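So this block is input07.cif, mmCIF, C-alpha atoms (C1' of nucleotides):
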```
data_upload
#
loop_
_atom_site.label_atom_id
_atom_site.label_comp_id
_atom_site.auth_asym_id
_atom_site.auth_seq_id
_atom_site.Cartn_x
_atom_site.Cartn_y
_atom_site.Cartn_z
CA MET D 1 0.00 0.00 0.00
CA LYS D 2 1.17 3.43 -0.95
CA ILE D 3 1.18 5.84 1.97
CA ASP D 4 0.86 9.59 1.72
CA LYS D 5 4.37 10.87 2.39
CA SER D 6 3.19 13.74 4.55
CA LEU D 7 1.91 11.25 7.09
CA ILE D 8 5.40 9.93 7.54
CA SER D 9 6.79 13.36 8.31
CA GLY D 10 8.29 13.61 11.75
CA SER D 11 8.79 9.94 12.46
CA THR D 12 11.90 9.55 10.33
CA THR D 13 14.24 10.83 13.04
CA MET D 14 12.74 8.38 15.50
CA LEU D 15 13.11 5.47 13.10
CA ILE D 16 16.73 6.32 12.30
CA LEU D 17 17.62 6.53 15.99
CA LYS D 18 15.83 3.24 16.53
CA LEU D 19 18.03 1.57 13.89
CA LEU D 20 21.13 2.92 15.61
CA GLU D 21 19.93 1.70 19.01
CA THR D 22 20.79 -1.83 17.96
CA ASN D 23 23.85 -1.39 15.74
CA ASP D 24 26.16 1.33 14.53
CA MET D 25 25.29 1.85 10.88
CA TYR D 26 26.16 3.91 7.82
CA GLY D 27 23.68 5.97 5.87
CA TYR D 28 23.18 3.83 2.81
CA LYS D 29 22.58 0.79 5.00
CA MET D 30 19.92 2.69 6.97
CA ILE D 31 17.94 3.22 3.79
CA GLU D 32 18.11 -0.49 2.99
CA GLU D 33 17.33 -1.52 6.55
CA LEU D 34 14.33 0.75 6.84
CA GLU D 35 13.06 -0.59 3.56
CA ARG D 36 13.57 -4.17 4.66
CA LEU D 37 12.09 -3.79 8.16
CA SER D 38 9.08 -1.86 6.88
CA GLU D 39 8.55 -4.33 4.03
CA ASN D 40 9.02 -1.67 1.35
CA VAL D 41 6.68 0.87 2.92
CA PHE D 42 9.39 3.33 3.95
CA THR D 43 11.66 4.17 1.06
CA LEU D 44 13.76 6.92 2.60
CA LYS D 45 15.58 9.03 0.04
CA ALA D 46 19.28 9.82 0.24
CA GLY D 47 18.45 13.50 -0.15
CA THR D 48 16.39 13.25 3.01
CA LEU D 49 18.66 11.05 5.06
CA TYR D 50 22.07 12.68 4.76
CA PRO D 51 21.03 16.19 5.79
CA LEU D 52 19.05 14.60 8.64
CA LEU D 53 22.13 12.70 9.83
CA HIS D 54 24.24 15.87 9.70
CA ASN D 55 21.59 17.65 11.71
CA LEU D 56 21.40 14.88 14.33
CA GLU D 57 25.17 14.88 14.65
CA GLN D 58 25.23 18.62 15.14
CA LYS D 59 22.71 18.20 17.95
CA ASN D 60 24.88 15.49 19.54
CA MET D 61 22.25 12.81 19.12
CA ILE D 62 24.65 10.70 17.06
CA GLU D 63 28.40 10.54 16.47
CA SER D 64 30.21 9.47 13.33
CA TYR D 65 33.43 7.62 12.62
CA THR D 66 34.94 6.36 9.43
CA LYS D 67 35.76 2.69 9.12
CA LEU D 68 38.20 1.50 6.48
CA SER D 69 38.75 -1.99 5.14
CA GLU D 70 41.52 -3.02 2.74
CA ASN D 71 39.31 -4.18 -0.09
CA GLU D 72 36.32 -2.11 0.98
CA ARG D 73 35.77 1.57 0.56
CA SER D 74 35.52 3.82 3.61
CA ARG D 75 32.11 4.10 5.17
CA LYS D 76 30.82 6.70 7.57
CA TYR D 77 29.32 4.90 10.53
CA TYR D 78 26.98 6.55 12.98
CA LYS D 79 26.60 5.72 16.65
CA ILE D 80 23.77 6.84 18.93
CA THR D 81 24.87 8.94 21.92
CA ARG D 82 23.53 8.85 25.48
CA GLN D 83 21.63 12.02 24.64
CA GLY D 84 20.27 10.38 21.49
CA GLN D 85 19.00 7.44 23.49
CA THR D 86 17.14 9.75 25.85
CA PHE D 87 15.73 11.61 22.88
CA LEU D 88 14.57 8.38 21.25
CA LYS D 89 12.80 7.36 24.44
CA GLU D 90 10.95 10.68 24.44
CA LYS D 91 10.05 10.35 20.79
CA LYS D 92 8.61 6.90 21.41
CA SER D 93 6.43 8.24 24.23
CA GLU D 94 5.23 11.04 21.98
CA TRP D 95 4.57 8.57 19.21
CA ASN D 96 2.41 6.41 21.47
CA ALA D 97 0.52 9.43 22.77
CA TYR D 98 0.05 10.66 19.24
CA ILE D 99 -1.41 7.49 17.77
CA SER D 100 -3.68 6.88 20.74
CA THR D 101 -5.01 10.43 20.40
CA VAL D 102 -5.60 10.17 16.66
CA ASN D 103 -7.38 6.86 17.20
CA LYS D 104 -9.45 8.46 19.94
CA VAL D 105 -10.64 11.12 17.49
CA LEU D 106 -11.09 8.66 14.64
CA GLY D 107 -12.90 6.03 16.60
CA GLY D 108 -14.81 8.15 19.02
CA PHE D 109 -18.41 9.17 18.69
CA ASN D 110 -19.01 12.82 18.10
CA TYR D 111 -21.35 14.29 20.69
CA ALA D 112 -20.99 17.81 19.32
CA ILE D 113 -24.01 20.06 19.32
CA ASN D 114 -23.73 22.81 16.75
CA MET A 1 1.95 15.47 27.14
CA LYS A 2 3.41 17.84 24.60
CA ILE A 3 3.80 16.26 21.17
CA ASP A 4 6.28 17.32 18.53
CA LYS A 5 4.17 19.12 15.95
CA SER A 6 6.00 17.58 13.04
CA LEU A 7 4.65 14.19 14.03
CA ILE A 8 1.13 15.44 13.57
CA SER A 9 1.80 16.61 10.04
CA GLY A 10 -0.41 14.95 7.49
CA SER A 11 -3.14 13.69 9.76
CA THR A 12 -4.94 17.01 10.10
CA THR A 13 -6.91 16.62 6.87
CA MET A 14 -8.06 13.17 7.96
CA LEU A 15 -9.15 14.42 11.36
CA ILE A 16 -11.08 17.36 9.90
CA LEU A 17 -12.92 15.09 7.45
CA LYS A 18 -13.66 12.74 10.33
CA LEU A 19 -15.30 15.57 12.26
CA LEU A 20 -17.44 16.40 9.22
CA GLU A 21 -18.45 12.77 8.76
CA THR A 22 -20.73 13.11 11.76
CA ASN A 23 -21.95 16.70 11.54
CA ASP A 24 -21.68 19.72 9.32
CA MET A 25 -19.46 22.15 11.17
CA TYR A 26 -17.88 25.58 10.91
CA GLY A 27 -14.16 26.21 11.22
CA TYR A 28 -13.94 27.68 14.66
CA LYS A 29 -16.02 24.82 16.04
CA MET A 30 -13.66 22.29 14.45
CA ILE A 31 -10.76 23.73 16.42
CA GLU A 32 -12.74 23.43 19.63
CA GLU A 33 -14.01 19.96 18.82
CA LEU A 34 -10.59 18.64 17.93
CA GLU A 35 -9.25 20.04 21.17
CA ARG A 36 -12.09 18.50 23.15
CA LEU A 37 -12.00 15.06 21.49
CA SER A 38 -8.21 14.85 21.74
CA GLU A 39 -8.25 16.05 25.35
CA ASN A 40 -6.13 19.11 24.57
CA VAL A 41 -3.49 17.25 22.59
CA PHE A 42 -4.41 18.72 19.20
CA THR A 43 -4.60 22.48 19.31
CA LEU A 44 -5.10 23.27 15.65
CA LYS A 45 -4.36 26.88 14.76
CA ALA A 46 -6.72 29.06 12.74
CA GLY A 47 -3.88 29.89 10.39
CA THR A 48 -3.59 26.19 9.62
CA LEU A 49 -7.26 25.34 9.45
CA TYR A 50 -8.75 27.99 7.19
CA PRO A 51 -6.34 27.57 4.28
CA LEU A 52 -6.77 23.81 4.66
CA LEU A 53 -10.56 24.14 4.44
CA HIS A 54 -10.27 26.33 1.34
CA ASN A 55 -8.00 23.76 -0.21
CA LEU A 56 -10.36 20.87 0.59
CA GLU A 57 -13.27 22.81 -0.85
CA GLN A 58 -11.36 23.49 -4.04
CA LYS A 59 -10.71 19.76 -4.35
CA ASN A 60 -14.43 19.05 -3.84
CA MET A 61 -13.85 17.10 -0.65
CA ILE A 62 -16.10 19.49 1.25
CA GLU A 63 -18.77 22.07 0.41
CA SER A 64 -19.63 25.22 2.30
CA TYR A 65 -22.81 27.11 2.99
CA THR A 66 -23.51 30.10 5.15
CA LYS A 67 -26.12 29.80 7.85
CA LEU A 68 -27.67 32.92 9.34
CA SER A 69 -29.62 33.24 12.55
CA GLU A 70 -31.43 36.40 13.71
CA ASN A 71 -29.47 36.95 16.89
CA GLU A 72 -26.44 34.99 15.74
CA ARG A 73 -23.77 36.05 13.32
CA SER A 74 -23.35 34.22 10.03
CA ARG A 75 -21.22 31.12 10.12
CA LYS A 76 -19.63 29.23 7.28
CA TYR A 77 -20.59 25.60 7.61
CA TYR A 78 -18.76 22.81 5.83
CA LYS A 79 -20.27 19.55 4.65
CA ILE A 80 -18.32 16.49 3.51
CA THR A 81 -18.98 15.39 -0.08
CA ARG A 82 -19.28 11.85 -1.45
CA GLN A 83 -15.75 12.29 -2.78
CA GLY A 84 -14.59 13.47 0.63
CA GLN A 85 -16.03 10.36 2.27
CA THR A 86 -14.15 8.12 -0.14
CA PHE A 87 -11.00 10.11 0.49
CA LEU A 88 -11.42 9.81 4.26
CA LYS A 89 -11.79 6.05 3.94
CA GLU A 90 -8.52 5.91 2.00
CA LYS A 91 -6.76 8.13 4.53
CA LYS A 92 -7.88 5.85 7.35
CA SER A 93 -6.46 2.81 5.57
CA GLU A 94 -3.19 4.64 5.03
CA TRP A 95 -3.16 5.70 8.65
CA ASN A 96 -3.56 2.12 9.85
CA ALA A 97 -0.88 0.87 7.47
CA TYR A 98 1.41 3.67 8.58
CA ILE A 99 1.16 3.08 12.31
CA SER A 100 1.47 -0.67 11.97
CA THR A 101 4.61 -0.20 9.88
CA VAL A 102 6.20 2.28 12.29
CA ASN A 103 5.43 -0.08 15.15
CA LYS A 104 6.95 -2.95 13.19
CA VAL A 105 10.19 -1.00 12.87
CA LEU A 106 10.10 0.26 16.45
CA GLY A 107 9.26 -3.02 18.07
CA GLY A 108 11.07 -5.40 15.79
CA PHE A 109 14.41 -6.96 16.41
CA ASN A 110 17.18 -5.90 14.12
CA TYR A 111 18.81 -8.83 12.39
CA ALA A 112 21.04 -6.61 10.29
CA ILE A 113 24.55 -7.76 9.57
CA ASN A 114 26.83 -4.91 8.67
"C1'" DT K 1 -20.92 53.78 27.99
"C1'" DA K 2 -16.28 52.37 26.81
"C1'" DA K 3 -12.97 48.97 26.78
"C1'" DT K 4 -11.88 44.37 26.65
"C1'" DT K 5 -12.45 39.55 25.64
"C1'" DA K 6 -14.45 35.76 22.94
"C1'" DT K 7 -16.08 34.35 18.61
"C1'" DA K 8 -15.22 33.83 13.63
"C1'" DT K 9 -12.83 34.02 9.30
"C1'" DA K 10 -8.91 35.26 6.50
"C1'" DT K 11 -4.17 36.04 4.58
"C1'" DA K 12 1.01 36.75 4.54
"C1'" DG K 13 5.51 35.36 5.70
"C1'" DA K 14 8.49 32.06 8.13
"C1'" DT K 15 10.03 27.49 9.18
"C1'" DA K 16 10.74 22.46 8.94
"C1'" DG K 17 10.67 17.95 6.68
"C1'" DT K 18 10.81 15.71 2.56
"C1'" DC K 19 11.57 15.13 -2.28
"C1'" DG K 20 13.71 15.02 -6.98
"C1'" DA K 21 17.67 16.25 -9.39
"C1'" DT K 22 22.32 16.48 -9.66
"C1'" DA K 23 27.19 15.71 -8.50
"C1'" DT K 24 31.05 12.92 -7.22
"C1'" DA K 25 33.65 8.73 -6.41
"C1'" DT K 26 34.60 3.83 -6.15
"C1'" DA K 27 33.47 -1.23 -6.55
"C1'" DA K 28 31.42 -4.79 -9.09
"C1'" DC K 29 29.66 -6.65 -13.01
"C1'" DT K 30 29.01 -7.32 -18.24
"C1'" DA F 1 35.44 -0.24 -21.57
"C1'" DG F 2 30.99 0.75 -20.20
"C1'" DT F 3 27.27 0.15 -17.13
"C1'" DT F 4 25.21 -0.73 -12.68
"C1'" DA F 5 25.42 -0.77 -7.65
"C1'" DT F 6 27.25 1.34 -3.66
"C1'" DA F 7 28.02 5.54 -0.90
"C1'" DT F 8 27.84 10.35 0.43
"C1'" DA F 9 26.59 15.10 -0.39
"C1'" DT F 10 24.14 19.46 -1.72
"C1'" DC F 11 20.62 22.39 -3.99
"C1'" DG F 12 16.10 24.04 -5.15
"C1'" DA F 13 11.24 22.99 -4.83
"C1'" DC F 14 7.13 21.64 -2.47
"C1'" DT F 15 3.94 21.00 1.33
"C1'" DA F 16 2.12 21.42 5.99
"C1'" DT F 17 2.28 23.92 9.72
"C1'" DC F 18 3.13 27.92 12.54
"C1'" DT F 19 3.08 32.89 14.15
"C1'" DA F 20 1.58 37.27 13.32
"C1'" DT F 21 -1.62 40.27 11.70
"C1'" DA F 22 -6.11 41.96 10.03
"C1'" DT F 23 -11.02 42.45 10.22
"C1'" DA F 24 -15.65 42.24 12.21
"C1'" DT F 25 -19.23 41.25 15.56
"C1'" DA F 26 -21.09 39.49 20.09
"C1'" DA F 27 -20.59 39.22 24.88
"C1'" DT F 28 -18.67 40.62 28.99
"C1'" DT F 29 -16.46 43.75 32.20
"C1'" DA F 30 -14.88 48.14 34.08
#
```

Please go through the file and, once you have read it, give me the structure as structure tokens.
Amino acid sequence: MKIDKSLISGSTTMLILKLLETNDMYGYKMIEELERLSENVFTLKAGTLYPLLHNLEQKNMIESYTKLSENERSRKYYKITRQGQTFLKEKKSEWNAYISTVNKVLGGFNYAIN
Amino acid sequence: MKIDKSLISGSTTMLILKLLETNDMYGYKMIEELERLSENVFTLKAGTLYPLLHNLEQKNMIESYTKLSENERSRKYYKITRQGQTFLKEKKSEWNAYISTVNKVLGGFNYAIN
DNA sequence: TAATTATATATAGATAGTCGATATATAACT
DNA sequence: AGTTATATATCGACTATCTATATATAATTA
């Protein structure tokens, strides 16, 4: 199912931090992972991800380091910081509050008198 | 709980159409109703709502009519169209797919090998 | 009665998140 | 040798939302 992109707005940061909670990861891999885990629903674009990563690093939510292998090219890995973990926890709480509130409005009966 | 506004992005149209599914309503009342139903979580701003209503009307999702009362001022009521009802149904499906996908990513274990 | 607050609608400019397009570079494949 | 996949980056555009401002009337308060 195709989902209106604007709905996804705002949750990307949370999802990226969630990926990093488990493993350090580089940008390109995040795109693939998000696609895989979401079963092709979230197809994050490079033009969205990289500026977002730079922004999160600037805010000290993540840290980067470059890892080199002999036969591999250098990749820029990101690691979630203590601050980033706290932030993720907050975002998850907000997310839960948000969906329960939307569902309240969607599911609830409207007693309005107008 | 205070929720990051950017998370809410995209669901406003759906929530407005949901309100209109039950009753015809005027703009100002929608703001109040959304605040009441969401228990003060969604505080939609007039500067957001009115352009959104104009946009929905232009797309034939809603229709407006002015209702006058002797001792009351004139209010601009909105009514959901057949097209708007179909659209709302779609938005709800997207919404459900969206939250289940986010939760899949948030809750799931990460088997990634990097 | 005058001033203020609540109701009601509207628009302009700013900001944030995302996208498509484009650029660059290297590894792998044909 | 040329193309495709991998990997990172930036720019300009678009959309949704916000704040601020404007206007007008009804209701309340000083």

Selection as JSON, numbers by chain: residues within 10 Å of (-2.8, 5.8, 11.2), counting only C-alpha atoms (C1' of nucleotides): {"D": [7, 8, 98, 99, 100, 102, 103, 106], "A": [11, 14, 91, 92, 93, 94, 95, 96, 97, 98, 99, 100, 101, 102]}

For region 2-110 of chain A against region 6-25 of chain F, with a cut-off of 12 Å and counting all atoms listed in the file, what is the closest atom pair and its distance in Å to one decimal for every residue that makes the cut, ordered by chain and number, as a Markdown table?
```
| residue | atom | partner | partner_atom | distance |
| --- | --- | --- | --- | --- |
| A:Asp4 | CA | F:DT17 | C1' | 11.7 |
| A:Lys5 | CA | F:DT17 | C1' | 8.1 |
| A:Ser6 | CA | F:DT17 | C1' | 8.1 |
| A:Leu7 | CA | F:DT17 | C1' | 10.9 |
| A:Ile8 | CA | F:DT17 | C1' | 9.4 |
| A:Ser9 | CA | F:DA16 | C1' | 6.3 |
| A:Gly10 | CA | F:DA16 | C1' | 7.1 |
| A:Ser11 | CA | F:DA16 | C1' | 10.1 |
| A:Thr12 | CA | F:DA16 | C1' | 9.3 |
| A:Thr13 | CA | F:DA16 | C1' | 10.3 |
| A:Thr43 | CA | F:DC18 | C1' | 11.6 |
| A:Leu44 | CA | F:DT17 | C1' | 9.5 |
| A:Lys45 | CA | F:DC18 | C1' | 7.9 |
| A:Ala46 | CA | F:DC18 | C1' | 9.9 |
| A:Gly47 | CA | F:DC18 | C1' | 7.6 |
| A:Thr48 | CA | F:DT17 | C1' | 6.3 |
| A:Leu49 | CA | F:DT17 | C1' | 9.6 |
| A:Pro51 | CA | F:DA16 | C1' | 10.6 |
| A:Leu52 | CA | F:DA16 | C1' | 9.3 |
| A:Asn71 | CA | F:DT25 | C1' | 11.2 |
| A:Glu72 | CA | F:DT25 | C1' | 9.6 |
| A:Arg73 | CA | F:DT25 | C1' | 7.3 |
| A:Ser74 | CA | F:DT25 | C1' | 9.8 |
| A:Arg75 | CA | F:DT25 | C1' | 11.7 |
```

Selection result of the PyMOL selection byres ((chain A and resi 62) around 7) on this file, as an MDAnalysis selection string: chainID A and resid 56:57 60:61 63:64 78:81 84

Got time to write the residues from that selection, C-alpha atoms, as a compact mmCIF listing (two decimals), in the frame of the given file?
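Result saved to again16.txt:
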```txt
# COMPACT_ATOMS: atom_id res chain seq x y z
CA LEU A 56 -10.36 20.87 0.59
CA GLU A 57 -13.27 22.81 -0.85
CA ASN A 60 -14.43 19.05 -3.84
CA MET A 61 -13.85 17.10 -0.65
CA GLU A 63 -18.77 22.07 0.41
CA SER A 64 -19.63 25.22 2.30
CA TYR A 78 -18.76 22.81 5.83
CA LYS A 79 -20.27 19.55 4.65
CA ILE A 80 -18.32 16.49 3.51
CA THR A 81 -18.98 15.39 -0.08
CA GLY A 84 -14.59 13.47 0.63
```

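Residues in contact with Leu34 (chain A) at up to 9 Å, not including ones fewer than 5 positions away on its chain and judged by all atoms listed in the file, are Val105 of chain D; Leu15, Ile16, Leu19, Lys29, Glu39, Asn40, Val41, Phe42, Thr43 and Leu44 of chain A.
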
Distance of CA of Gln83 (chain D) from CA of Tyr26 (chain D), expressed in Å to one decimal place: 19.2 Å

Length of the CA of Lys2 (chain D) to C1' of DA21 (chain K) vector [Å]: 22.5 Å

CA of Glu33 (chain D) to C1' of DA16 (chain K), straight-line distance in Å: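 Interatomic distance, C1' of DA16 (chain K) to CA of Glu33 (chain D): 25.0 Å.
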
Repair of region 16-40 of chain A at the level of N, CA and C atoms, as a CSV table (one decimal), in the frame of the given file:
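Once written, result.csv looks like this:
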```csv
chain,number,residue,atom,x,y,z
A,16,ILE,N,-10.0,16.4,10.3
A,16,ILE,CA,-11.1,17.4,9.9
A,16,ILE,C,-12.2,16.7,9.2
A,17,LEU,N,-11.9,15.8,8.2
A,17,LEU,CA,-12.9,15.1,7.4
A,17,LEU,C,-13.7,14.2,8.4
A,18,LYS,N,-13.0,13.6,9.3
A,18,LYS,CA,-13.7,12.7,10.3
A,18,LYS,C,-14.7,13.5,11.1
A,19,LEU,N,-14.4,14.7,11.5
A,19,LEU,CA,-15.3,15.6,12.3
A,19,LEU,C,-16.6,15.8,11.4
A,20,LEU,N,-16.3,16.1,10.1
A,20,LEU,CA,-17.4,16.4,9.2
A,20,LEU,C,-18.3,15.2,8.8
A,21,GLU,N,-17.7,14.0,9.1
A,21,GLU,CA,-18.4,12.8,8.8
A,21,GLU,C,-19.7,12.7,9.6
A,22,THR,N,-19.6,13.2,10.8
A,22,THR,CA,-20.7,13.1,11.8
A,22,THR,C,-21.7,14.3,11.6
A,23,ASN,N,-21.1,15.5,11.6
A,23,ASN,CA,-22.0,16.7,11.5
A,23,ASN,C,-21.3,17.7,10.6
A,24,ASP,N,-22.2,18.5,10.0
A,24,ASP,CA,-21.7,19.7,9.3
A,24,ASP,C,-21.1,20.6,10.4
A,25,MET,N,-20.1,21.4,10.1
A,25,MET,CA,-19.5,22.2,11.2
A,25,MET,C,-18.8,23.4,10.6
A,26,TYR,N,-18.6,24.4,11.4
A,26,TYR,CA,-17.9,25.6,10.9
A,26,TYR,C,-16.5,25.5,11.5
A,27,GLY,N,-15.6,26.3,10.9
A,27,GLY,CA,-14.2,26.2,11.2
A,27,GLY,C,-13.8,26.3,12.7
A,28,TYR,N,-14.3,27.4,13.3
A,28,TYR,CA,-13.9,27.7,14.7
A,28,TYR,C,-14.3,26.5,15.6
A,29,LYS,N,-15.5,26.0,15.3
A,29,LYS,CA,-16.0,24.8,16.0
A,29,LYS,C,-15.1,23.6,15.9
A,30,MET,N,-14.5,23.4,14.7
A,30,MET,CA,-13.7,22.3,14.4
A,30,MET,C,-12.5,22.3,15.4
A,31,ILE,N,-11.9,23.6,15.5
A,31,ILE,CA,-10.8,23.7,16.4
A,31,ILE,C,-11.1,23.3,17.8
A,32,GLU,N,-12.3,23.8,18.3
A,32,GLU,CA,-12.7,23.4,19.6
A,32,GLU,C,-13.0,21.9,19.8
A,33,GLU,N,-13.7,21.4,18.8
A,33,GLU,CA,-14.0,20.0,18.8
A,33,GLU,C,-12.8,19.1,18.8
A,34,LEU,N,-11.8,19.4,18.0
A,34,LEU,CA,-10.6,18.6,17.9
A,34,LEU,C,-9.8,18.7,19.3
A,35,GLU,N,-9.9,19.9,19.9
A,35,GLU,CA,-9.2,20.0,21.2
A,35,GLU,C,-10.0,19.2,22.3
A,36,ARG,N,-11.3,19.2,22.2
A,36,ARG,CA,-12.1,18.5,23.2
A,36,ARG,C,-11.9,17.0,23.0
A,37,LEU,N,-12.1,16.5,21.8
A,37,LEU,CA,-12.0,15.1,21.5
A,37,LEU,C,-10.6,14.5,21.8
A,38,SER,N,-9.6,15.3,21.5
A,38,SER,CA,-8.2,14.8,21.7
A,38,SER,C,-7.7,15.1,23.2
A,39,GLU,N,-8.6,15.7,24.0
A,39,GLU,CA,-8.2,16.0,25.4
A,39,GLU,C,-7.0,17.0,25.4
A,40,ASN,N,-7.1,18.0,24.6
A,40,ASN,CA,-6.1,19.1,24.6
A,40,ASN,C,-4.8,18.7,24.0
```
